[in-house]
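Undergrad: Got a structure for you, protein_22.pdb, holding PDB, C-alpha atoms.
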```pdb
ATOM      1  CA  GLY A1468    -173.352 227.490 -95.946  1.00  0.00           C
ATOM      2  CA  ALA A1469    -171.806 226.314 -92.728  1.00  0.00           C
ATOM      3  CA  VAL A1470    -169.417 223.384 -92.977  1.00  0.00           C
ATOM      4  CA  VAL A1471    -169.333 220.700 -90.335  1.00  0.00           C
ATOM      5  CA  SER A1472    -166.748 217.938 -90.468  1.00  0.00           C
ATOM      6  CA  GLN A1473    -167.288 214.733 -88.535  1.00  0.00           C
ATOM      7  CA  HIS A1474    -164.628 212.070 -88.222  1.00  0.00           C
ATOM      8  CA  PRO A1475    -164.371 209.128 -88.572  1.00  0.00           C
ATOM      9  CA  SER A1476    -167.174 208.294 -90.977  1.00  0.00           C
ATOM     10  CA  TRP A1477    -167.136 204.692 -89.844  1.00  0.00           C
ATOM     11  CA  VAL A1478    -165.337 202.662 -87.212  1.00  0.00           C
ATOM     12  CA  ILE A1479    -165.280 199.050 -86.123  1.00  0.00           C
ATOM     13  CA  CYS A1480    -164.029 198.339 -82.632  1.00  0.00           C
ATOM     14  CA  LYS A1481    -163.820 195.451 -80.238  1.00  0.00           C
ATOM     15  CA  SER A1482    -166.159 195.186 -77.311  1.00  0.00           C
ATOM     16  CA  GLY A1483    -164.722 196.896 -74.240  1.00  0.00           C
ATOM     17  CA  THR A1484    -162.674 199.473 -76.094  1.00  0.00           C
ATOM     18  CA  SER A1485    -163.358 203.194 -76.383  1.00  0.00           C
ATOM     19  CA  VAL A1486    -164.027 205.181 -79.516  1.00  0.00           C
ATOM     20  CA  LYS A1487    -163.712 208.927 -79.985  1.00  0.00           C
ATOM     21  CA  ILE A1488    -165.776 210.800 -82.548  1.00  0.00           C
ATOM     22  CA  GLU A1489    -164.832 214.348 -83.527  1.00  0.00           C
ATOM     23  CA  CYS A1490    -167.046 217.072 -84.848  1.00  0.00           C
ATOM     24  CA  ARG A1491    -165.508 220.266 -86.182  1.00  0.00           C
ATOM     25  CA  SER A1492    -167.165 223.447 -87.330  1.00  0.00           C
ATOM     26  CA  LEU A1493    -164.919 224.684 -90.103  1.00  0.00           C
ATOM     27  CA  ASP A1494    -166.103 228.174 -90.873  1.00  0.00           C
ATOM     28  CA  PHE A1495    -167.885 229.385 -87.770  1.00  0.00           C
ATOM     29  CA  GLN A1496    -167.718 229.185 -84.000  1.00  0.00           C
ATOM     30  CA  ALA A1497    -170.043 226.675 -82.398  1.00  0.00           C
ATOM     31  CA  THR A1498    -170.767 227.428 -78.763  1.00  0.00           C
ATOM     32  CA  THR A1499    -173.214 224.544 -78.714  1.00  0.00           C
ATOM     33  CA  MET A1500    -173.053 221.082 -80.291  1.00  0.00           C
ATOM     34  CA  PHE A1501    -175.891 218.564 -80.386  1.00  0.00           C
ATOM     35  CA  TRP A1502    -175.115 214.857 -80.513  1.00  0.00           C
ATOM     36  CA  TYR A1503    -177.655 212.429 -81.930  1.00  0.00           C
ATOM     37  CA  ARG A1504    -177.794 208.655 -82.192  1.00  0.00           C
ATOM     38  CA  GLN A1505    -179.731 206.685 -84.771  1.00  0.00           C
ATOM     39  CA  PHE A1506    -180.352 202.942 -84.623  1.00  0.00           C
ATOM     40  CA  PRO A1507    -181.206 201.078 -87.845  1.00  0.00           C
ATOM     41  CA  LYS A1508    -184.637 201.871 -89.210  1.00  0.00           C
ATOM     42  CA  GLN A1509    -185.234 204.420 -86.471  1.00  0.00           C
ATOM     43  CA  SER A1510    -185.183 208.176 -86.135  1.00  0.00           C
ATOM     44  CA  LEU A1511    -182.527 210.427 -84.658  1.00  0.00           C
ATOM     45  CA  MET A1512    -182.556 210.609 -80.891  1.00  0.00           C
ATOM     46  CA  LEU A1513    -180.904 213.538 -79.165  1.00  0.00           C
ATOM     47  CA  MET A1514    -178.303 212.211 -76.740  1.00  0.00           C
ATOM     48  CA  ALA A1515    -176.715 215.315 -75.324  1.00  0.00           C
ATOM     49  CA  THR A1516    -175.911 218.957 -75.814  1.00  0.00           C
ATOM     50  CA  SER A1517    -172.351 220.112 -75.370  1.00  0.00           C
ATOM     51  CA  ASN A1518    -171.482 223.676 -74.509  1.00  0.00           C
ATOM     52  CA  GLU A1519    -168.066 225.187 -75.024  1.00  0.00           C
ATOM     53  CA  GLY A1520    -166.228 225.440 -71.729  1.00  0.00           C
ATOM     54  CA  SER A1521    -168.880 223.807 -69.579  1.00  0.00           C
ATOM     55  CA  LYS A1522    -170.412 220.429 -68.835  1.00  0.00           C
ATOM     56  CA  ALA A1523    -172.652 218.755 -71.353  1.00  0.00           C
ATOM     57  CA  THR A1524    -176.359 218.299 -70.769  1.00  0.00           C
ATOM     58  CA  TYR A1525    -177.560 214.735 -71.278  1.00  0.00           C
ATOM     59  CA  GLU A1526    -181.029 213.612 -72.270  1.00  0.00           C
ATOM     60  CA  GLN A1527    -182.941 211.292 -70.010  1.00  0.00           C
ATOM     61  CA  GLY A1528    -181.691 207.726 -70.200  1.00  0.00           C
ATOM     62  CA  VAL A1529    -178.288 208.575 -71.665  1.00  0.00           C
ATOM     63  CA  GLU A1530    -175.382 207.583 -69.429  1.00  0.00           C
ATOM     64  CA  LYS A1531    -173.004 210.494 -69.051  1.00  0.00           C
ATOM     65  CA  ASP A1532    -170.175 208.260 -67.839  1.00  0.00           C
ATOM     66  CA  LYS A1533    -170.467 206.086 -70.910  1.00  0.00           C
ATOM     67  CA  PHE A1534    -170.782 208.836 -73.477  1.00  0.00           C
ATOM     68  CA  LEU A1535    -168.143 211.396 -72.603  1.00  0.00           C
ATOM     69  CA  ILE A1536    -168.500 214.729 -74.307  1.00  0.00           C
ATOM     70  CA  ASN A1537    -165.821 217.369 -74.496  1.00  0.00           C
ATOM     71  CA  HIS A1538    -166.279 220.792 -76.034  1.00  0.00           C
ATOM     72  CA  ALA A1539    -162.971 222.438 -75.291  1.00  0.00           C
ATOM     73  CA  SER A1540    -162.990 224.942 -78.138  1.00  0.00           C
ATOM     74  CA  LEU A1541    -165.444 226.790 -80.313  1.00  0.00           C
ATOM     75  CA  THR A1542    -164.588 224.627 -83.296  1.00  0.00           C
ATOM     76  CA  LEU A1543    -164.316 221.137 -81.822  1.00  0.00           C
ATOM     77  CA  SER A1544    -166.597 218.864 -79.861  1.00  0.00           C
ATOM     78  CA  THR A1545    -165.862 215.196 -79.213  1.00  0.00           C
ATOM     79  CA  LEU A1546    -167.986 212.247 -78.175  1.00  0.00           C
ATOM     80  CA  THR A1547    -166.207 209.260 -76.650  1.00  0.00           C
ATOM     81  CA  VAL A1548    -168.070 205.989 -76.350  1.00  0.00           C
ATOM     82  CA  THR A1549    -166.362 204.271 -73.442  1.00  0.00           C
ATOM     83  CA  SER A1550    -166.241 200.515 -72.927  1.00  0.00           C
ATOM     84  CA  ALA A1551    -168.274 200.003 -76.056  1.00  0.00           C
ATOM     85  CA  HIS A1552    -170.626 197.059 -76.341  1.00  0.00           C
ATOM     86  CA  PRO A1553    -172.447 195.644 -79.373  1.00  0.00           C
ATOM     87  CA  GLU A1554    -175.637 197.445 -78.319  1.00  0.00           C
ATOM     88  CA  ASP A1555    -173.780 200.743 -78.781  1.00  0.00           C
ATOM     89  CA  SER A1556    -173.487 200.004 -82.490  1.00  0.00           C
ATOM     90  CA  SER A1557    -175.299 202.872 -84.111  1.00  0.00           C
ATOM     91  CA  PHE A1558    -175.024 205.936 -86.346  1.00  0.00           C
ATOM     92  CA  TYR A1559    -173.809 208.964 -84.392  1.00  0.00           C
ATOM     93  CA  ILE A1560    -174.237 212.427 -85.854  1.00  0.00           C
ATOM     94  CA  CYS A1561    -173.414 215.893 -84.616  1.00  0.00           C
ATOM     95  CA  ARG A1562    -174.910 219.290 -85.309  1.00  0.00           C
ATOM     96  CA  PRO A1563    -173.723 222.718 -84.201  1.00  0.00           C
ATOM     97  CA  GLY A1564    -176.433 224.821 -82.648  1.00  0.00           C
ATOM     98  CA  GLN A1565    -175.993 227.880 -84.851  1.00  0.00           C
ATOM     99  CA  GLY A1566    -178.183 227.728 -87.876  1.00  0.00           C
ATOM    100  CA  VAL A1567    -181.669 227.338 -86.528  1.00  0.00           C
ATOM    101  CA  ILE A1568    -181.360 230.261 -84.144  1.00  0.00           C
ATOM    102  CA  LYS A1569    -180.716 232.491 -87.115  1.00  0.00           C
ATOM    103  CA  GLY A1570    -183.693 231.022 -88.925  1.00  0.00           C
ATOM    104  CA  THR A1571    -181.601 229.133 -91.415  1.00  0.00           C
ATOM    105  CA  GLU A1572    -181.162 225.473 -92.012  1.00  0.00           C
ATOM    106  CA  ALA A1573    -179.375 223.368 -89.476  1.00  0.00           C
ATOM    107  CA  PHE A1574    -176.211 221.735 -90.742  1.00  0.00           C
ATOM    108  CA  PHE A1575    -175.203 218.261 -89.676  1.00  0.00           C
ATOM    109  CA  GLY A1576    -171.966 216.378 -89.649  1.00  0.00           C
ATOM    110  CA  GLN A1577    -171.670 213.480 -92.068  1.00  0.00           C
ATOM    111  CA  GLY A1578    -172.233 210.964 -89.293  1.00  0.00           C
ATOM    112  CA  THR A1579    -170.160 208.120 -87.837  1.00  0.00           C
ATOM    113  CA  ARG A1580    -171.244 204.528 -88.171  1.00  0.00           C
ATOM    114  CA  LEU A1581    -169.984 202.632 -85.145  1.00  0.00           C
ATOM    115  CA  THR A1582    -169.921 198.851 -85.170  1.00  0.00           C
ATOM    116  CA  VAL A1583    -168.867 197.086 -81.998  1.00  0.00           C
ATOM    117  CA  VAL A1584    -167.886 193.446 -82.438  1.00  0.00           C
TER
ATOM    118  CA  SER B 992    -187.094 212.595 -76.454  1.00  0.00           C
ATOM    119  CA  GLN B 993    -189.130 212.236 -79.607  1.00  0.00           C
ATOM    120  CA  GLN B 994    -191.773 214.817 -80.219  1.00  0.00           C
ATOM    121  CA  GLY B 995    -192.975 214.144 -83.708  1.00  0.00           C
ATOM    122  CA  GLU B 996    -195.075 211.425 -85.128  1.00  0.00           C
ATOM    123  CA  GLU B 997    -194.952 210.842 -88.845  1.00  0.00           C
ATOM    124  CA  ASP B 998    -197.273 208.971 -91.064  1.00  0.00           C
ATOM    125  CA  PRO B 999    -197.186 206.889 -92.977  1.00  0.00           C
ATOM    126  CA  GLN B1000    -194.204 204.998 -91.603  1.00  0.00           C
ATOM    127  CA  ALA B1001    -193.643 203.565 -95.054  1.00  0.00           C
ATOM    128  CA  LEU B1002    -194.921 204.635 -98.437  1.00  0.00           C
ATOM    129  CA  SER B1003    -194.469 202.882-101.769  1.00  0.00           C
ATOM    130  CA  ILE B1004    -195.477 204.613-104.999  1.00  0.00           C
ATOM    131  CA  GLN B1005    -194.794 204.509-108.711  1.00  0.00           C
ATOM    132  CA  GLU B1006    -192.530 206.990-110.447  1.00  0.00           C
ATOM    133  CA  GLY B1007    -194.485 210.055-111.511  1.00  0.00           C
ATOM    134  CA  GLU B1008    -196.958 209.869-108.654  1.00  0.00           C
ATOM    135  CA  ASN B1009    -197.079 212.365-105.822  1.00  0.00           C
ATOM    136  CA  ALA B1010    -195.942 211.432-102.318  1.00  0.00           C
ATOM    137  CA  THR B1011    -197.405 213.040 -99.214  1.00  0.00           C
ATOM    138  CA  MET B1012    -195.895 212.613 -95.781  1.00  0.00           C
ATOM    139  CA  ASN B1013    -197.332 214.022 -92.586  1.00  0.00           C
ATOM    140  CA  CYS B1014    -195.757 215.070 -89.328  1.00  0.00           C
ATOM    141  CA  SER B1015    -197.445 215.915 -86.052  1.00  0.00           C
ATOM    142  CA  TYR B1016    -195.847 217.377 -82.961  1.00  0.00           C
ATOM    143  CA  LYS B1017    -196.885 217.985 -79.395  1.00  0.00           C
ATOM    144  CA  THR B1018    -195.535 221.294 -78.095  1.00  0.00           C
ATOM    145  CA  SER B1019    -195.319 224.799 -79.511  1.00  0.00           C
ATOM    146  CA  ILE B1020    -192.551 225.430 -82.023  1.00  0.00           C
ATOM    147  CA  ASN B1021    -190.825 228.274 -83.832  1.00  0.00           C
ATOM    148  CA  ASN B1022    -189.699 226.306 -86.855  1.00  0.00           C
ATOM    149  CA  LEU B1023    -190.089 222.965 -88.548  1.00  0.00           C
ATOM    150  CA  GLN B1024    -187.624 221.422 -90.949  1.00  0.00           C
ATOM    151  CA  TRP B1025    -187.768 218.477 -93.297  1.00  0.00           C
ATOM    152  CA  TYR B1026    -184.760 216.299 -93.960  1.00  0.00           C
ATOM    153  CA  ARG B1027    -183.996 213.472 -96.295  1.00  0.00           C
ATOM    154  CA  GLN B1028    -181.704 210.555 -95.489  1.00  0.00           C
ATOM    155  CA  ASN B1029    -180.534 207.953 -97.922  1.00  0.00           C
ATOM    156  CA  SER B1030    -179.966 204.540 -96.417  1.00  0.00           C
ATOM    157  CA  GLY B1031    -177.348 204.759 -93.689  1.00  0.00           C
ATOM    158  CA  ARG B1032    -176.083 208.143 -94.828  1.00  0.00           C
ATOM    159  CA  GLY B1033    -176.120 211.693 -93.493  1.00  0.00           C
ATOM    160  CA  LEU B1034    -178.995 214.119 -93.481  1.00  0.00           C
ATOM    161  CA  VAL B1035    -179.837 216.422 -96.341  1.00  0.00           C
ATOM    162  CA  HIS B1036    -181.777 219.551 -95.458  1.00  0.00           C
ATOM    163  CA  LEU B1037    -184.827 220.025 -97.668  1.00  0.00           C
ATOM    164  CA  ILE B1038    -186.823 222.954 -96.391  1.00  0.00           C
ATOM    165  CA  LEU B1039    -187.418 225.080 -93.293  1.00  0.00           C
ATOM    166  CA  ILE B1040    -190.740 226.668 -92.444  1.00  0.00           C
ATOM    167  CA  ARG B1041    -191.225 229.148 -89.637  1.00  0.00           C
ATOM    168  CA  SER B1042    -194.223 229.048 -87.328  1.00  0.00           C
ATOM    169  CA  ASN B1043    -195.644 232.217 -88.874  1.00  0.00           C
ATOM    170  CA  GLU B1044    -195.612 230.646 -92.338  1.00  0.00           C
ATOM    171  CA  ARG B1045    -198.274 228.360 -93.731  1.00  0.00           C
ATOM    172  CA  GLU B1046    -196.748 227.062 -96.916  1.00  0.00           C
ATOM    173  CA  LYS B1047    -193.392 226.924 -98.675  1.00  0.00           C
ATOM    174  CA  HIS B1048    -192.245 225.609-101.998  1.00  0.00           C
ATOM    175  CA  SER B1049    -188.892 224.443-103.249  1.00  0.00           C
ATOM    176  CA  GLY B1050    -188.769 222.836-106.663  1.00  0.00           C
ATOM    177  CA  ARG B1051    -190.928 219.710-106.518  1.00  0.00           C
ATOM    178  CA  LEU B1052    -191.360 220.062-102.761  1.00  0.00           C
ATOM    179  CA  ARG B1053    -194.267 221.703-101.019  1.00  0.00           C
ATOM    180  CA  VAL B1054    -194.454 221.992 -97.262  1.00  0.00           C
ATOM    181  CA  THR B1055    -197.441 223.133 -95.267  1.00  0.00           C
ATOM    182  CA  LEU B1056    -197.637 223.962 -91.588  1.00  0.00           C
ATOM    183  CA  ASP B1057    -200.769 224.148 -89.477  1.00  0.00           C
ATOM    184  CA  THR B1058    -199.799 225.309 -86.005  1.00  0.00           C
ATOM    185  CA  SER B1059    -203.389 225.041 -84.745  1.00  0.00           C
ATOM    186  CA  LYS B1060    -203.321 221.320 -85.509  1.00  0.00           C
ATOM    187  CA  LYS B1061    -199.623 220.992 -84.705  1.00  0.00           C
ATOM    188  CA  SER B1062    -198.998 219.283 -87.998  1.00  0.00           C
ATOM    189  CA  SER B1063    -197.025 219.638 -91.191  1.00  0.00           C
ATOM    190  CA  SER B1064    -197.003 217.871 -94.502  1.00  0.00           C
ATOM    191  CA  LEU B1065    -194.373 217.342 -97.161  1.00  0.00           C
ATOM    192  CA  LEU B1066    -195.545 216.819-100.719  1.00  0.00           C
ATOM    193  CA  ILE B1067    -193.155 215.578-103.382  1.00  0.00           C
ATOM    194  CA  THR B1068    -194.665 215.971-106.822  1.00  0.00           C
ATOM    195  CA  ALA B1069    -193.831 213.890-109.875  1.00  0.00           C
ATOM    196  CA  SER B1070    -191.698 211.533-107.831  1.00  0.00           C
ATOM    197  CA  ARG B1071    -188.587 209.877-109.209  1.00  0.00           C
ATOM    198  CA  ALA B1072    -186.825 206.676-108.277  1.00  0.00           C
ATOM    199  CA  ALA B1073    -184.022 208.862-106.901  1.00  0.00           C
ATOM    200  CA  ASP B1074    -186.452 210.247-104.313  1.00  0.00           C
ATOM    201  CA  THR B1075    -186.350 206.878-102.560  1.00  0.00           C
ATOM    202  CA  ALA B1076    -185.126 207.662 -99.035  1.00  0.00           C
ATOM    203  CA  SER B1077    -186.281 208.247 -95.479  1.00  0.00           C
ATOM    204  CA  TYR B1078    -187.826 211.619 -94.733  1.00  0.00           C
ATOM    205  CA  PHE B1079    -187.846 213.204 -91.288  1.00  0.00           C
ATOM    206  CA  CYS B1080    -189.432 216.284 -89.841  1.00  0.00           C
ATOM    207  CA  ALA B1081    -187.685 218.108 -87.012  1.00  0.00           C
ATOM    208  CA  THR B1082    -189.031 220.860 -84.789  1.00  0.00           C
ATOM    209  CA  GLY B1083    -187.231 223.612 -82.965  1.00  0.00           C
ATOM    210  CA  ARG B1084    -187.842 226.483 -80.599  1.00  0.00           C
ATOM    211  CA  ASP B1085    -185.828 229.684 -80.614  1.00  0.00           C
ATOM    212  CA  ASN B1086    -185.314 229.613 -76.833  1.00  0.00           C
ATOM    213  CA  GLN B1087    -183.739 226.158 -76.853  1.00  0.00           C
ATOM    214  CA  GLY B1088    -180.435 227.054 -78.427  1.00  0.00           C
ATOM    215  CA  GLY B1089    -181.140 225.458 -81.781  1.00  0.00           C
ATOM    216  CA  LYS B1090    -182.155 222.068 -80.390  1.00  0.00           C
ATOM    217  CA  LEU B1091    -184.094 219.969 -82.917  1.00  0.00           C
ATOM    218  CA  ILE B1092    -186.422 217.106 -82.086  1.00  0.00           C
ATOM    219  CA  PHE B1093    -187.039 214.587 -84.840  1.00  0.00           C
ATOM    220  CA  GLY B1094    -190.135 212.727 -85.870  1.00  0.00           C
ATOM    221  CA  GLN B1095    -190.188 208.991 -86.488  1.00  0.00           C
ATOM    222  CA  GLY B1096    -189.698 209.336 -90.225  1.00  0.00           C
ATOM    223  CA  THR B1097    -191.339 208.026 -93.362  1.00  0.00           C
ATOM    224  CA  GLU B1098    -189.577 205.508 -95.554  1.00  0.00           C
ATOM    225  CA  LEU B1099    -190.433 206.351 -99.152  1.00  0.00           C
ATOM    226  CA  SER B1100    -189.919 203.889-101.960  1.00  0.00           C
ATOM    227  CA  VAL B1101    -190.451 205.094-105.526  1.00  0.00           C
ATOM    228  CA  LYS B1102    -190.612 202.263-108.033  1.00  0.00           C
ATOM    229  CA  PRO B1103    -189.476 202.939-111.588  1.00  0.00           C
TER
END
```
Represent the structure from my file as structure tokens, please.
TA:
Amino acid sequence: GAVVSQHPSWVICKSGTSVKIECRSLDFQATTMFWYRQFPKQSLMLMATSNEGSKATYEQGVEKDKFLINHASLTLSTLTVTSAHPEDSSFYICRPGQGVIKGTEAFFGQGTRLTVV
Amino acid sequence: SQQGEEDPQALSIQEGENATMNCSYKTSINNLQWYRQNSGRGLVHLILIRSNEREKHSGRLRVTLDTSKKSSSLLITASRAADTASYFCATGRDNQGGKLIFGQGTELSVKP
């Protein structure tokens, strides 16, 4: 099956700093990448959809200037949490938009646990 | 935005019992998937069912889909303590580029 690598798996940062999360598709080309956020004891909420070579599409209520998404190549999409605050502490997880279109399972990255102190 | 509602939100059973979790959604779909998540970890894909299918089996898992009621159920038979996890349904439409919308999830606890 498709392999998706997300890095880092966890990060602790100080309030006000920025954190970059990478998501790589290792054995296929991902023209689309979905970014989700999950707060403790809650479900996954879609934050944004990144498209290779174009601007990302953000879900309602998600600040595009705070969560910068870059999808410069078919194998790499990045999410940067800028000027992080404690309320941004969450589990961030990516998923390339390949599998479901072909009627197969959707593969997710391993997730990044962000803690802002 | 969340589409799915799952019930129960939490379920506690004894090892060996069956666990049934339900998922309802609001708009038309082309596929529905069930995922498992151990505490604070990544997602594990369990099963995918297409909108033209009514039932699917995989080992101890049985998934049903009723598109007229916009609902699905996940049955885990002969549960084990290792089945303790959160279970989520996620729906998708073929014309949305693979976008998945998740339900609220059911937290299953299987006591040995």
Undergrad: Using only C-alpha atoms, which residue out of A:Ile1560, A:Cys1490, A:Val1548, A:Leu1535 lies closest to chain B?
TA: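 Distance minimum relative to chain B lands on A:Ile1560.
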Undergrad: So that I can see what lies close to B:Arg1041, please list as a ChimeraX atom specification the residues with an atom at most 7 Å from it, counting all atoms listed in the file and leaving out residues fewer than 6 positions away in the same chain.
TA: /B:1021-1023
Undergrad: Given only C-alpha atoms, how would the per-residue table for chain B near chain A read, listing every residue at most 10 Å away with its closest atom pair and distance in Å to one decimal, sorted by chain and number, as a tab-separated table?
TA:
```
residue	atom	partner	partner_atom	distance
B:Ser992	CA	A:Met1512	CA	6.7
B:Gln993	CA	A:Met1512	CA	6.9
B:Asn1021	CA	A:Gly1570	CA	9.2
B:Asn1022	CA	A:Gly1570	CA	7.9
B:Leu1023	CA	A:Val1567	CA	9.7
B:Gln1024	CA	A:Glu1572	CA	7.7
B:Trp1025	CA	A:Glu1572	CA	9.7
B:Tyr1026	CA	A:Ala1573	CA	10.0
B:Ser1030	CA	A:Lys1508	CA	9.0
B:Gly1031	CA	A:Phe1558	CA	7.8
B:Arg1032	CA	A:Gly1578	CA	7.3
B:Gly1033	CA	A:Gln1577	CA	5.0
B:Leu1034	CA	A:Phe1575	CA	6.8
B:Val1035	CA	A:Phe1575	CA	8.3
B:His1036	CA	A:Glu1572	CA	6.9
B:Leu1037	CA	A:Glu1572	CA	8.7
B:Ile1038	CA	A:Glu1572	CA	7.6
B:Leu1039	CA	A:Glu1572	CA	6.4
B:Ile1040	CA	A:Gly1570	CA	9.0
B:Arg1041	CA	A:Gly1570	CA	7.8
B:Ser1077	CA	A:Lys1508	CA	9.1
B:Tyr1078	CA	A:Ser1510	CA	9.6
B:Phe1079	CA	A:Ser1510	CA	7.7
B:Cys1080	CA	A:Ser1510	CA	9.9
B:Ala1081	CA	A:Leu1511	CA	9.5
B:Thr1082	CA	A:Val1567	CA	10.0
B:Gly1083	CA	A:Val1567	CA	7.6
B:Arg1084	CA	A:Ile1568	CA	8.3
B:Asp1085	CA	A:Ile1568	CA	5.7
B:Asn1086	CA	A:Ile1568	CA	8.3
B:Gln1087	CA	A:Ile1568	CA	8.7
B:Gly1088	CA	A:Gly1564	CA	6.2
B:Gly1089	CA	A:Gly1564	CA	4.8
B:Lys1090	CA	A:Gly1564	CA	6.7
B:Leu1091	CA	A:Leu1513	CA	8.1
B:Ile1092	CA	A:Leu1513	CA	7.2
B:Phe1093	CA	A:Leu1511	CA	6.1
B:Gly1094	CA	A:Ser1510	CA	6.7
B:Gln1095	CA	A:Ser1510	CA	5.1
B:Gly1096	CA	A:Ser1510	CA	6.2
B:Thr1097	CA	A:Ser1510	CA	9.5
B:Glu1098	CA	A:Lys1508	CA	8.8
```
Undergrad: For this file, the PyMOL selection byres ((chain B and resi 1070) around 10) selects which residues, as a VMD selection string?
TA: chain B and resid 1004 to 1010 1051 to 1052 1066 to 1069 1071 to 1075 1100 to 1103
Undergrad: I need the residues from that last selection saved to file as a short mmCIF file (atom, residue, chain, number, x, y, z; two decimals), in the coordinates of the input (with C-alpha atoms), if you can.
TA:
```cif
data_model
loop_
_atom_site.label_atom_id
_atom_site.label_comp_id
_atom_site.auth_asym_id
_atom_site.auth_seq_id
_atom_site.Cartn_x
_atom_site.Cartn_y
_atom_site.Cartn_z
CA ILE B 1004 -195.48 204.61 -105.00
CA GLN B 1005 -194.79 204.51 -108.71
CA GLU B 1006 -192.53 206.99 -110.45
CA GLY B 1007 -194.48 210.06 -111.51
CA GLU B 1008 -196.96 209.87 -108.65
CA ASN B 1009 -197.08 212.36 -105.82
CA ALA B 1010 -195.94 211.43 -102.32
CA ARG B 1051 -190.93 219.71 -106.52
CA LEU B 1052 -191.36 220.06 -102.76
CA LEU B 1066 -195.54 216.82 -100.72
CA ILE B 1067 -193.16 215.58 -103.38
CA THR B 1068 -194.66 215.97 -106.82
CA ALA B 1069 -193.83 213.89 -109.88
CA ARG B 1071 -188.59 209.88 -109.21
CA ALA B 1072 -186.82 206.68 -108.28
CA ALA B 1073 -184.02 208.86 -106.90
CA ASP B 1074 -186.45 210.25 -104.31
CA THR B 1075 -186.35 206.88 -102.56
CA SER B 1100 -189.92 203.89 -101.96
CA VAL B 1101 -190.45 205.09 -105.53
CA LYS B 1102 -190.61 202.26 -108.03
CA PRO B 1103 -189.48 202.94 -111.59
#
```
Undergrad: For the file shown, report as a list in words the outcome of the PyMOL selection byres ((chain A and resi 1478-1480) around 6) at residue level.
TA: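 On the file shown, the PyMOL selection byres ((chain A and resi 1478-1480) around 6) covers Trp1477, Lys1481, Leu1581, Thr1582 and Val1583 of chain A.
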Undergrad: Please write the residues from the selection above to a file, keeping C-alpha atoms, as an mmCIF file, keeping the file's coordinate frame.
TA:
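Generated output (selection_13.cif):
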```
data_model
loop_
_atom_site.group_PDB
_atom_site.id
_atom_site.type_symbol
_atom_site.label_atom_id
_atom_site.label_comp_id
_atom_site.auth_asym_id
_atom_site.auth_seq_id
_atom_site.Cartn_x
_atom_site.Cartn_y
_atom_site.Cartn_z
ATOM 1 C CA TRP A 1477 -167.136 204.692 -89.844
ATOM 2 C CA LYS A 1481 -163.820 195.451 -80.238
ATOM 3 C CA LEU A 1581 -169.984 202.632 -85.145
ATOM 4 C CA THR A 1582 -169.921 198.851 -85.170
ATOM 5 C CA VAL A 1583 -168.867 197.086 -81.998
#
```
Undergrad: Check which residues satisfy the PyMOL selection byres ((chain A and resi 1520) around 12) in the file shown, then give them as number ranges by chain.
TA: A: 1497-1500, 1517-1519, 1521-1523, 1536-1544
Undergrad: Determine, counting only C-alpha atoms, which protein, DNA and RNA residues have an atom within 9 Å of an atom of A:Ser1550; residues of the same chain fewer than 6 positions away are not included. Present the result as a PyMOL selection string.
TA: chain A and resi 1482-1486+1533
Undergrad: Kindly give the distance, in Å, that separates atom CA of B:Ser1063 and atom CA of A:Trp1502, rounded to a single decimal.
TA: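 Those two atoms sit 24.8 Å apart.
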Undergrad: Which value, in Å to one decimal, gives the distance between atom CA of B:Lys1060 and atom CA of B:Thr1011?
TA: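 Answer for the atom CA of B:Lys1060 to atom CA of B:Thr1011 separation: 17.1 Å.
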Undergrad: Hey, which of B:Val1054, B:Ile1020, B:Ala1076, B:Leu1065 ends up closest to B:Asp998? Count only C-alpha atoms.
TA: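 Comparing B:Val1054, B:Ile1020, B:Ala1076, B:Leu1065 against B:Asp998, the winner is B:Leu1065.
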Undergrad: Kindly extract all protein, DNA and RNA residues lying within 8 Å of the coordinates (-166.5, 212.8, -82.8) given in the file, considering only C-alpha atoms, and supply them as an MDAnalysis selection string.
TA: chainID A and resid 1473:1475 1487:1490 1544:1547 1561 1579
Undergrad: Using atom CA of B:Thr1058 and atom CA of B:Tyr1016 as the two end points, give the distance in Å to one decimal.
TA: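 Between these atoms lies a distance of 9.4 Å.
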Undergrad: If I wrap all listed atoms of stretch 1535-1548 of chain A in a box with edges along x, y and z and add 3 Å on each side, what are its centre and edge lengths in Å to one decimal, as lines of an AutoDock Vina configuration file?
TA:
```
center_x = -165.7
center_y = 216.4
center_z = -77.9
size_x = 11.5
size_y = 26.8
size_z = 16.7
```
